[in-house]
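Everything below belongs to my_file.cif, which stores mmCIF, C-alpha atoms.
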data_run
loop_
_atom_site.group_PDB
_atom_site.id
_atom_site.type_symbol
_atom_site.label_atom_id
_atom_site.label_comp_id
_atom_site.auth_asym_id
_atom_site.auth_seq_id
_atom_site.Cartn_x
_atom_site.Cartn_y
_atom_site.Cartn_z
ATOM 1 C CA MET A 10 43.518 -12.500 -111.371
ATOM 2 C CA LYS A 11 43.309 -11.765 -115.071
ATOM 3 C CA PHE A 12 40.229 -13.992 -115.323
ATOM 4 C CA LYS A 13 38.522 -11.992 -112.555
ATOM 5 C CA LYS A 14 39.357 -8.730 -114.341
ATOM 6 C CA VAL A 15 37.852 -10.076 -117.559
ATOM 7 C CA LEU A 16 34.667 -11.094 -115.722
ATOM 8 C CA LEU A 17 34.527 -7.675 -114.064
ATOM 9 C CA SER A 18 34.927 -5.926 -117.416
ATOM 10 C CA ILE A 19 32.172 -8.037 -118.959
ATOM 11 C CA GLY A 20 29.916 -7.239 -115.994
ATOM 12 C CA VAL A 21 30.521 -3.494 -116.441
ATOM 13 C CA VAL A 22 29.729 -3.714 -120.180
ATOM 14 C CA VAL A 23 26.518 -5.675 -119.545
ATOM 15 C CA ALA A 24 25.482 -3.173 -116.878
ATOM 16 C CA LEU A 25 26.107 -0.266 -119.243
ATOM 17 C CA ILE A 26 24.154 -1.948 -122.046
ATOM 18 C CA SER A 27 21.257 -2.725 -119.696
ATOM 19 C CA SER A 28 21.297 0.823 -118.403
ATOM 20 C CA GLY A 29 21.346 2.183 -121.967
ATOM 21 C CA CYS A 30 18.417 -0.044 -123.025
ATOM 22 C CA SER A 31 16.460 1.042 -119.967
ATOM 23 C CA LYS A 32 17.008 4.729 -120.773
ATOM 24 C CA GLN A 33 16.077 4.182 -124.421
ATOM 25 C CA LYS A 34 12.863 2.435 -123.393
ATOM 26 C CA LYS A 35 11.872 5.286 -121.113
ATOM 27 C CA GLN A 36 12.610 7.832 -123.834
ATOM 28 C CA ALA A 37 10.577 5.859 -126.400
ATOM 29 C CA ASP A 38 7.404 5.833 -124.280
ATOM 30 C CA PRO A 39 6.690 9.385 -123.104
ATOM 31 C CA ILE A 40 3.261 10.137 -121.666
ATOM 32 C CA LEU A 41 1.316 12.111 -124.263
ATOM 33 C CA THR A 42 -0.666 15.251 -123.609
ATOM 34 C CA LYS A 43 -4.244 15.633 -124.847
ATOM 35 C CA THR A 44 -3.039 17.843 -127.701
ATOM 36 C CA GLN A 45 -0.467 15.247 -128.750
ATOM 37 C CA VAL A 46 -3.098 12.475 -128.713
ATOM 38 C CA ILE A 47 -5.350 14.542 -131.000
ATOM 39 C CA GLN A 48 -2.406 15.156 -133.317
ATOM 40 C CA LYS A 49 -1.606 11.419 -133.429
ATOM 41 C CA SER A 50 -5.217 10.663 -134.340
ATOM 42 C CA GLN A 51 -5.013 12.996 -137.312
ATOM 43 C CA LYS A 52 -2.216 11.094 -139.047
ATOM 44 C CA SER A 53 -3.638 10.342 -142.484
ATOM 45 C CA PHE A 54 -4.833 6.780 -142.933
ATOM 46 C CA LYS A 55 -4.967 5.105 -146.320
ATOM 47 C CA SER A 56 -7.703 2.622 -145.618
ATOM 48 C CA GLY A 57 -10.134 1.276 -143.089
ATOM 49 C CA GLU A 58 -13.808 0.903 -142.361
ATOM 50 C CA ALA A 59 -16.401 3.553 -141.552
ATOM 51 C CA LYS A 60 -20.083 3.515 -140.719
ATOM 52 C CA GLN A 61 -22.726 6.206 -140.980
ATOM 53 C CA ILE A 62 -26.060 5.645 -139.310
ATOM 54 C CA VAL A 63 -29.275 7.656 -139.050
ATOM 55 C CA ASN A 64 -32.019 6.453 -136.719
ATOM 56 C CA LEU A 65 -35.526 7.939 -136.707
ATOM 57 C CA LYS A 66 -37.754 6.684 -133.928
ATOM 58 C CA THR A 67 -41.029 7.261 -132.110
ATOM 59 C CA ASP A 68 -42.535 5.374 -129.197
ATOM 60 C CA THR A 69 -43.986 2.824 -131.613
ATOM 61 C CA SER A 70 -41.653 2.676 -134.621
ATOM 62 C CA SER A 71 -38.055 2.946 -135.784
ATOM 63 C CA GLN A 72 -36.308 3.418 -139.121
ATOM 64 C CA VAL A 73 -32.556 2.914 -139.455
ATOM 65 C CA VAL A 74 -30.489 3.901 -142.487
ATOM 66 C CA ALA A 75 -26.827 2.881 -142.489
ATOM 67 C CA SER A 76 -23.882 3.043 -144.884
ATOM 68 C CA ASN A 77 -21.067 0.607 -144.084
ATOM 69 C CA TYR A 78 -17.889 1.588 -145.929
ATOM 70 C CA SER A 79 -14.680 -0.291 -146.623
ATOM 71 C CA PHE A 80 -12.266 2.192 -148.186
ATOM 72 C CA GLY A 81 -8.738 2.110 -149.566
ATOM 73 C CA GLY A 82 -6.625 1.721 -152.682
ATOM 74 C CA ASP A 83 -4.816 4.255 -154.822
ATOM 75 C CA PRO A 84 -6.857 6.160 -155.838
ATOM 76 C CA THR A 85 -9.318 5.542 -153.023
ATOM 77 C CA VAL A 86 -12.386 3.441 -153.808
ATOM 78 C CA PHE A 87 -15.334 2.608 -151.544
ATOM 79 C CA HIS A 88 -17.149 -0.675 -151.072
ATOM 80 C CA VAL A 89 -20.517 0.160 -149.534
ATOM 81 C CA ASN A 90 -23.160 -1.962 -147.912
ATOM 82 C CA TYR A 91 -26.186 0.308 -147.765
ATOM 83 C CA GLN A 92 -28.796 -0.912 -145.323
ATOM 84 C CA THR A 93 -32.322 0.197 -144.426
ATOM 85 C CA GLU A 94 -34.350 -1.290 -141.605
ATOM 86 C CA ALA A 95 -38.016 -0.526 -140.952
ATOM 87 C CA LYS A 96 -41.065 -2.440 -139.703
ATOM 88 C CA GLY A 97 -38.922 -5.448 -138.911
ATOM 89 C CA LYS A 98 -37.618 -5.761 -142.460
ATOM 90 C CA THR A 99 -34.056 -5.146 -143.630
ATOM 91 C CA HIS A 100 -32.979 -4.268 -147.159
ATOM 92 C CA ASN A 101 -29.324 -4.337 -148.245
ATOM 93 C CA MET A 102 -27.636 -2.850 -151.302
ATOM 94 C CA ASP A 103 -24.092 -3.878 -152.293
ATOM 95 C CA GLU A 104 -22.246 -1.076 -154.109
ATOM 96 C CA TRP A 105 -18.835 0.168 -155.214
ATOM 97 C CA ILE A 106 -17.881 3.822 -155.727
ATOM 98 C CA SER A 107 -14.895 4.653 -157.936
ATOM 99 C CA ASN A 108 -12.879 7.857 -158.281
ATOM 100 C CA THR A 109 -14.333 8.241 -161.790
ATOM 101 C CA GLY A 110 -17.679 9.143 -160.252
ATOM 102 C CA ASN A 111 -19.276 5.826 -161.148
ATOM 103 C CA LEU A 112 -21.543 3.822 -158.873
ATOM 104 C CA TYR A 113 -21.619 0.054 -159.363
ATOM 105 C CA ILE A 114 -24.685 -1.743 -157.997
ATOM 106 C CA ASN A 115 -24.943 -5.468 -157.361
ATOM 107 C CA GLY A 116 -28.150 -6.637 -159.010
ATOM 108 C CA GLN A 117 -27.708 -10.217 -157.710
ATOM 109 C CA SER A 118 -27.478 -11.846 -161.149
ATOM 110 C CA THR A 119 -25.530 -8.969 -162.717
ATOM 111 C CA TRP A 120 -23.820 -5.672 -161.904
ATOM 112 C CA TYR A 121 -25.140 -2.290 -163.025
ATOM 113 C CA LYS A 122 -23.293 0.976 -163.563
ATOM 114 C CA THR A 123 -24.508 4.569 -163.257
ATOM 115 C CA GLU A 124 -23.249 8.010 -162.206
ATOM 116 C CA ILE A 125 -23.243 8.309 -158.424
ATOM 117 C CA GLU A 126 -24.432 11.927 -158.381
ATOM 118 C CA LYS A 127 -27.436 11.219 -160.586
ATOM 119 C CA MET A 128 -28.416 8.225 -158.497
ATOM 120 C CA SER A 129 -27.792 9.414 -154.950
ATOM 121 C CA GLY A 130 -27.534 13.197 -155.034
ATOM 122 C CA HIS A 131 -23.947 13.262 -153.772
ATOM 123 C CA SER A 132 -20.562 12.908 -155.484
ATOM 124 C CA TYR A 133 -17.393 10.849 -155.046
ATOM 125 C CA ALA A 134 -15.758 13.980 -153.613
ATOM 126 C CA ASP A 135 -18.556 14.249 -151.025
ATOM 127 C CA VAL A 136 -17.872 10.680 -149.852
ATOM 128 C CA LEU A 137 -14.120 11.343 -149.775
ATOM 129 C CA ASP A 138 -14.652 14.420 -147.594
ATOM 130 C CA ALA A 139 -17.139 12.672 -145.316
ATOM 131 C CA VAL A 140 -14.990 9.590 -144.699
ATOM 132 C CA LEU A 141 -11.294 10.461 -145.139
ATOM 133 C CA ASN A 142 -11.450 14.167 -144.328
ATOM 134 C CA ASN A 143 -14.201 14.256 -141.711
ATOM 135 C CA GLU A 144 -13.952 17.604 -139.954
ATOM 136 C CA MET A 145 -14.692 16.243 -136.470
ATOM 137 C CA LEU A 146 -11.538 14.127 -136.707
ATOM 138 C CA MET A 147 -9.168 15.913 -139.064
ATOM 139 C CA ASN A 148 -10.009 19.519 -138.194
ATOM 140 C CA PRO A 149 -12.005 19.468 -134.945
ATOM 141 C CA PRO A 150 -13.473 22.767 -133.744
ATOM 142 C CA LYS A 151 -11.954 24.300 -130.622
ATOM 143 C CA GLY A 152 -15.152 23.625 -128.682
ATOM 144 C CA LEU A 153 -14.646 19.893 -129.209
ATOM 145 C CA THR A 154 -10.921 19.791 -128.415
ATOM 146 C CA ASP A 155 -11.528 21.812 -125.247
ATOM 147 C CA ALA A 156 -14.349 19.471 -124.176
ATOM 148 C CA TYR A 157 -12.271 16.296 -124.528
ATOM 149 C CA LYS A 158 -11.467 14.494 -121.280
ATOM 150 C CA MET A 159 -8.591 12.005 -121.411
ATOM 151 C CA LYS A 160 -7.896 8.678 -119.739
ATOM 152 C CA ARG A 161 -4.753 6.608 -120.203
ATOM 153 C CA SER A 162 -4.121 2.899 -119.790
ATOM 154 C CA GLY A 163 -0.539 2.095 -120.732
ATOM 155 C CA LYS A 164 -0.133 3.093 -124.378
ATOM 156 C CA THR A 165 -3.879 3.458 -124.924
ATOM 157 C CA TYR A 166 -5.385 6.949 -124.721
ATOM 158 C CA THR A 167 -9.155 7.490 -124.685
ATOM 159 C CA LEU A 168 -10.685 10.909 -125.238
ATOM 160 C CA THR A 169 -14.395 11.479 -124.606
ATOM 161 C CA ALA A 170 -16.580 14.549 -124.870
ATOM 162 C CA LYS A 171 -20.173 15.653 -124.597
ATOM 163 C CA ILE A 172 -21.148 18.635 -126.715
ATOM 164 C CA THR A 173 -24.226 20.880 -126.648
ATOM 165 C CA ASP A 174 -22.943 23.507 -129.090
ATOM 166 C CA LYS A 175 -25.493 23.656 -131.933
ATOM 167 C CA LYS A 176 -22.936 24.902 -134.486
ATOM 168 C CA ILE A 177 -20.608 21.962 -133.829
ATOM 169 C CA MET A 178 -23.474 19.457 -133.970
ATOM 170 C CA LYS A 179 -24.728 20.859 -137.292
ATOM 171 C CA ALA A 180 -21.232 20.555 -138.757
ATOM 172 C CA ALA A 181 -20.988 16.968 -137.467
ATOM 173 C CA VAL A 182 -24.219 15.755 -139.110
ATOM 174 C CA ALA A 183 -23.705 17.619 -142.410
ATOM 175 C CA PRO A 184 -21.464 14.976 -144.099
ATOM 176 C CA ILE A 185 -23.733 12.173 -142.860
ATOM 177 C CA PHE A 186 -26.870 13.821 -144.218
ATOM 178 C CA THR A 187 -25.057 14.437 -147.514
ATOM 179 C CA THR A 188 -23.721 10.929 -148.148
ATOM 180 C CA ASN A 189 -25.895 8.445 -146.224
ATOM 181 C CA THR A 190 -28.441 8.639 -149.042
ATOM 182 C CA GLN A 191 -29.648 6.700 -152.059
ATOM 183 C CA SER A 192 -31.554 9.541 -153.716
ATOM 184 C CA PRO A 193 -31.631 13.362 -153.847
ATOM 185 C CA GLN A 194 -35.082 13.199 -152.233
ATOM 186 C CA GLN A 195 -33.686 11.405 -149.198
ATOM 187 C CA GLN A 196 -31.034 14.088 -148.788
ATOM 188 C CA LYS A 197 -33.740 16.779 -148.791
ATOM 189 C CA ILE A 198 -35.675 14.916 -146.091
ATOM 190 C CA TYR A 199 -32.595 14.804 -143.859
ATOM 191 C CA GLN A 200 -31.976 18.513 -144.365
ATOM 192 C CA LYS A 201 -35.600 19.356 -143.569
ATOM 193 C CA LEU A 202 -35.545 17.282 -140.378
ATOM 194 C CA ALA A 203 -32.307 18.979 -139.290
ATOM 195 C CA LYS A 204 -33.877 22.371 -139.933
ATOM 196 C CA VAL A 205 -36.992 21.756 -137.831
ATOM 197 C CA GLY A 206 -35.296 19.536 -135.240
ATOM 198 C CA LYS A 207 -33.873 20.615 -131.906
ATOM 199 C CA PHE A 208 -30.223 19.634 -131.472
ATOM 200 C CA GLU A 209 -29.856 18.204 -127.972
ATOM 201 C CA ASP A 210 -26.354 16.822 -127.500
ATOM 202 C CA MET A 211 -23.425 15.030 -129.095
ATOM 203 C CA THR A 212 -21.154 12.349 -127.647
ATOM 204 C CA VAL A 213 -17.649 11.742 -129.019
ATOM 205 C CA LYS A 214 -15.067 9.030 -128.364
ATOM 206 C CA LEU A 215 -11.523 8.880 -129.753
ATOM 207 C CA VAL A 216 -9.034 6.093 -128.988
ATOM 208 C CA VAL A 217 -5.317 6.184 -129.866
ATOM 209 C CA LYS A 218 -3.195 3.075 -129.273
ATOM 210 C CA GLY A 219 0.544 3.579 -129.416
ATOM 211 C CA THR A 220 0.978 6.296 -132.009
ATOM 212 C CA LYS A 221 -2.046 5.551 -134.210
ATOM 213 C CA LEU A 222 -5.781 6.105 -134.239
ATOM 214 C CA SER A 223 -7.639 2.955 -133.215
ATOM 215 C CA THR A 224 -11.290 4.060 -133.256
ATOM 216 C CA PHE A 225 -13.274 7.256 -133.522
ATOM 217 C CA SER A 226 -17.019 7.746 -133.215
ATOM 218 C CA TYR A 227 -19.622 10.404 -132.593
ATOM 219 C CA THR A 228 -23.407 10.533 -132.297
ATOM 220 C CA VAL A 229 -25.662 13.580 -132.479
ATOM 221 C CA ASN A 230 -29.140 13.491 -130.917
ATOM 222 C CA LEU A 231 -32.056 15.591 -132.118
ATOM 223 C CA LYS A 232 -35.679 15.962 -131.058
ATOM 224 C CA ILE A 233 -38.239 16.551 -133.804
ATOM 225 C CA GLY A 234 -41.584 17.802 -132.605
ATOM 226 C CA LYS A 235 -43.143 16.100 -129.594
ATOM 227 C CA MET A 236 -43.137 12.524 -130.855
ATOM 228 C CA MET A 237 -39.981 11.856 -132.857
ATOM 229 C CA LYS A 238 -36.308 11.512 -131.983
ATOM 230 C CA MET A 239 -33.412 11.310 -134.392
ATOM 231 C CA SER A 240 -29.771 10.301 -133.990
ATOM 232 C CA ALA A 241 -27.000 10.526 -136.567
ATOM 233 C CA GLY A 242 -23.500 9.205 -136.140
ATOM 234 C CA GLN A 243 -20.275 8.150 -137.803
ATOM 235 C CA SER A 244 -17.569 5.746 -136.646
ATOM 236 C CA TYR A 245 -14.215 4.290 -137.769
ATOM 237 C CA SER A 246 -12.485 0.954 -137.187
ATOM 238 C CA ASN A 247 -9.970 -1.494 -138.704
ATOM 239 C CA LEU A 248 -7.763 1.289 -140.043
ATOM 240 C CA GLY A 249 -5.053 0.088 -142.429
ATOM 241 C CA ARG A 250 -6.893 -3.118 -143.354
ATOM 242 C CA HIS A 251 -7.757 -2.288 -146.979
ATOM 243 C CA ASP A 252 -4.712 -0.521 -148.457
ATOM 244 C CA PHE A 253 -4.968 -2.413 -151.777
ATOM 245 C CA LEU A 254 -8.732 -2.259 -152.266
ATOM 246 C CA LYS A 255 -9.915 -2.336 -155.912
ATOM 247 C CA VAL A 256 -13.268 -2.373 -157.660
ATOM 248 C CA PRO A 257 -13.702 -5.979 -158.897
ATOM 249 C CA ASN A 258 -13.703 -6.565 -162.656
ATOM 250 C CA ASN A 259 -17.225 -7.995 -162.722
ATOM 251 C CA ALA A 260 -18.491 -4.709 -161.230
ATOM 252 C CA LEU A 261 -16.430 -2.601 -163.667
ATOM 253 C CA ASP A 262 -18.030 -4.585 -166.517
ATOM 254 C CA GLY A 263 -21.519 -3.783 -165.223
ATOM 255 C CA LYS A 264 -24.371 -2.916 -167.563
ATOM 256 C CA PRO A 265 -25.906 0.584 -167.669
ATOM 257 C CA LEU A 266 -28.571 0.892 -164.990
ATOM 258 C CA PRO A 267 -32.066 0.652 -166.546
ATOM 259 C CA LYS A 268 -33.796 4.012 -166.583
ATOM 260 C CA GLU A 269 -36.814 2.821 -164.640
ATOM 261 C CA ASN A 270 -34.554 1.937 -161.661
ATOM 262 C CA LYS A 271 -32.749 5.259 -161.345
ATOM 263 C CA LYS A 272 -35.302 6.815 -159.002
ATOM 264 C CA LYS A 273 -36.503 5.173 -155.837
#

For the file at hand, write its structure as structure tokens.
Amino acid sequence: MKFKKVLLSIGVVVALISSGCSKQKKQADPILTKTQVIQKSQKSFKSGEAKQIVNLKTDTSSQVVASNYSFGGDPTVFHVNYQTEAKGKTHNMDEWISNTGNLYINGQSTWYKTEIEKMSGHSYADVLDAVLNNEMLMNPPKGLTDAYKMKRSGKTYTLTAKITDKKIMKAAVAPIFTTNTQSPQQQKIYQKLAKVGKFEDMTVKLVVKGTKLSTFSYTVNLKIGKMMKMSAGQSYSNLGRHDFLKVPNNALDGKPLPKENKKK
């Protein structure tokens, strides 16, 4: 009889524990609202990868300019693969950007050092704002948050939107046109094209897995005159992968960039 009572007591305890675990699990996984998903996506991230891309195309030609960033460290540094593609040819530039405002360029046999603002027309602070503090992600306008439509699959939340608001689209391309450049002249060309171009639409996609941002991307489409189309976009991936990123010593020891190579 005593043995049966002991077994019964153990059974009650196990049942209570199981019931408690079940309740805790349910409480730990609430279904998020759209507002909560946006808030989760805005949790500051220390590192990751980002890509800016500008594509100019006609019926017969295409020119693509892309900046592929790995970012991280304390203070934040950027490893950039700058890529241009036109007429079937691709040119790559391997660079590092430090918080001191220096740009380090891989010259194949040696590294060169120069001031980023003199070389490209934008500053370290511009890159920081464009990548880590991008307004479309960290401080989205109401028109974007209202336009988001949400789908859920388990703990994965996907928000998508299509925007036709010219003001929002101009704000979205501004950091791209500022930092996806290798010269002040290139920045002026972007600005001129944006001024004469007709903003058509913008697509946005935001994915949160669990409680963290997984990916975020947007693309703005413009029409320039009758023959040319332009798209500009920015995307994020692999967040948290480069927390201890540092400029390598061989880049830090780079030689001053020769004067004849400063302008392109």

With a cut-off of 10 Å, could you pull out the residues of region 114-160 of chain A touching region 228-251 of chain A and give me the nearest pair of atoms for each, distance in Å to one decimal, using all atoms listed in the file, ordered by chain and ascending number, as JSON lines?
{"residue": "A:Ala139", "atom": "CA", "partner": "A:Gln243", "partner_atom": "CA", "distance": 9.3}
{"residue": "A:Val140", "atom": "CA", "partner": "A:Tyr245", "partner_atom": "CA", "distance": 8.8}
{"residue": "A:Asn143", "atom": "CA", "partner": "A:Gln243", "partner_atom": "CA", "distance": 9.5}
{"residue": "A:Met145", "atom": "CA", "partner": "A:Gln243", "partner_atom": "CA", "distance": 9.9}

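Counting all atoms listed in the file and comparing A:Val73, A:Leu41, A:Leu112, A:Ile47, the residue that lies closest to Lys96 (chain A) is A:Val73.
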
Result set of the PyMOL selection byres ((chain A and resi 100-103) around 10) on the coordinates above, as a PyMOL selection string: chain A and resi 74-77+88-95+98-99+104-105+113-117+120+191

Given the PyMOL selection byres ((chain A and resi 170) around 10), the residues it picks as a PyMOL selection string: chain A and resi 152-159+168-169+171-172+211-215+227

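One finds CA of Asn142 (chain A) at 14.9 Å from CA of Lys49 (chain A).
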
Point-to-point distance in Å for CA of Lys255 (chain A) and CA of Ala181 (chain A): 28.9 Å

Residues within 9 Å of (-24.6, 13.5, -144.1), counting only C-alpha atoms, listed as a count of residues only: 16

Length of the CA of Tyr133 (chain A) to CA of Tyr121 (chain A) vector [Å]: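 For CA of Tyr133 (chain A) relative to CA of Tyr121 (chain A), the distance reads 17.2 Å.
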
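Near Gly130 (chain A), within 6 Å and counting all atoms listed in the file, sit Glu126, Lys127, Ser192 and Pro193 of chain A; same-chain residues fewer than 2 positions away were not included.
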
Residue nearest Ser118 (chain A) - candidates A:Ser79, A:Ser56, A:Thr69, A:Asn259, atoms counted: only C-alpha atoms: A:Asn259

Using only the atoms of region 238-247 of chain A listed in the file, plus 5 Å on each side, state the axis-aligned box centre and edge lengths in Å rounded to one decimal, as AutoDock Vina command-line options.
--center_x -23.1 --center_y 5.0 --center_z -135.3 --size_x 36.3 --size_y 23.0 --size_z 16.7

Who sits within 7 Å of Leu222 (chain A), only C-alpha atoms, same chain under 4 positions skipped, as number ranges by chain: A: 49-50, 216-218

Shell around Thr123 (chain A) at 12 Å using all atoms listed in the file, local window under 5 positions removed, as a list in words: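 Non-adjacent residues within range: Glu104, Trp105, Ile106, Ser107, Thr109, Gly110, Asn111, Leu112, Tyr113, Ile114, Asn115, Met128, Ser129, Ala260, Leu261, Asp262, Gly263, Lys264, Pro265, Leu266, Pro267, Lys268, Asn270, Lys271 and Lys272 of chain A.
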
Writer output for current selection, C-alpha atoms, as an mmCIF file, in the coordinates of the input:
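again-v8.cif written:
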data_model
loop_
_atom_site.group_PDB
_atom_site.id
_atom_site.type_symbol
_atom_site.label_atom_id
_atom_site.label_comp_id
_atom_site.auth_asym_id
_atom_site.auth_seq_id
_atom_site.Cartn_x
_atom_site.Cartn_y
_atom_site.Cartn_z
ATOM 1 C CA GLU A 104 -22.246 -1.076 -154.109
ATOM 2 C CA TRP A 105 -18.835 0.168 -155.214
ATOM 3 C CA ILE A 106 -17.881 3.822 -155.727
ATOM 4 C CA SER A 107 -14.895 4.653 -157.936
ATOM 5 C CA THR A 109 -14.333 8.241 -161.790
ATOM 6 C CA GLY A 110 -17.679 9.143 -160.252
ATOM 7 C CA ASN A 111 -19.276 5.826 -161.148
ATOM 8 C CA LEU A 112 -21.543 3.822 -158.873
ATOM 9 C CA TYR A 113 -21.619 0.054 -159.363
ATOM 10 C CA ILE A 114 -24.685 -1.743 -157.997
ATOM 11 C CA ASN A 115 -24.943 -5.468 -157.361
ATOM 12 C CA MET A 128 -28.416 8.225 -158.497
ATOM 13 C CA SER A 129 -27.792 9.414 -154.950
ATOM 14 C CA ALA A 260 -18.491 -4.709 -161.230
ATOM 15 C CA LEU A 261 -16.430 -2.601 -163.667
ATOM 16 C CA ASP A 262 -18.030 -4.585 -166.517
ATOM 17 C CA GLY A 263 -21.519 -3.783 -165.223
ATOM 18 C CA LYS A 264 -24.371 -2.916 -167.563
ATOM 19 C CA PRO A 265 -25.906 0.584 -167.669
ATOM 20 C CA LEU A 266 -28.571 0.892 -164.990
ATOM 21 C CA PRO A 267 -32.066 0.652 -166.546
ATOM 22 C CA LYS A 268 -33.796 4.012 -166.583
ATOM 23 C CA ASN A 270 -34.554 1.937 -161.661
ATOM 24 C CA LYS A 271 -32.749 5.259 -161.345
ATOM 25 C CA LYS A 272 -35.302 6.815 -159.002
#

Residue with smallest distance to His131 (chain A) - pool A:Thr165, A:Gln195, A:Ser70, A:Thr85, counting all atoms listed in the file: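 Result for the nearest residue to His131 (chain A): A:Gln195.
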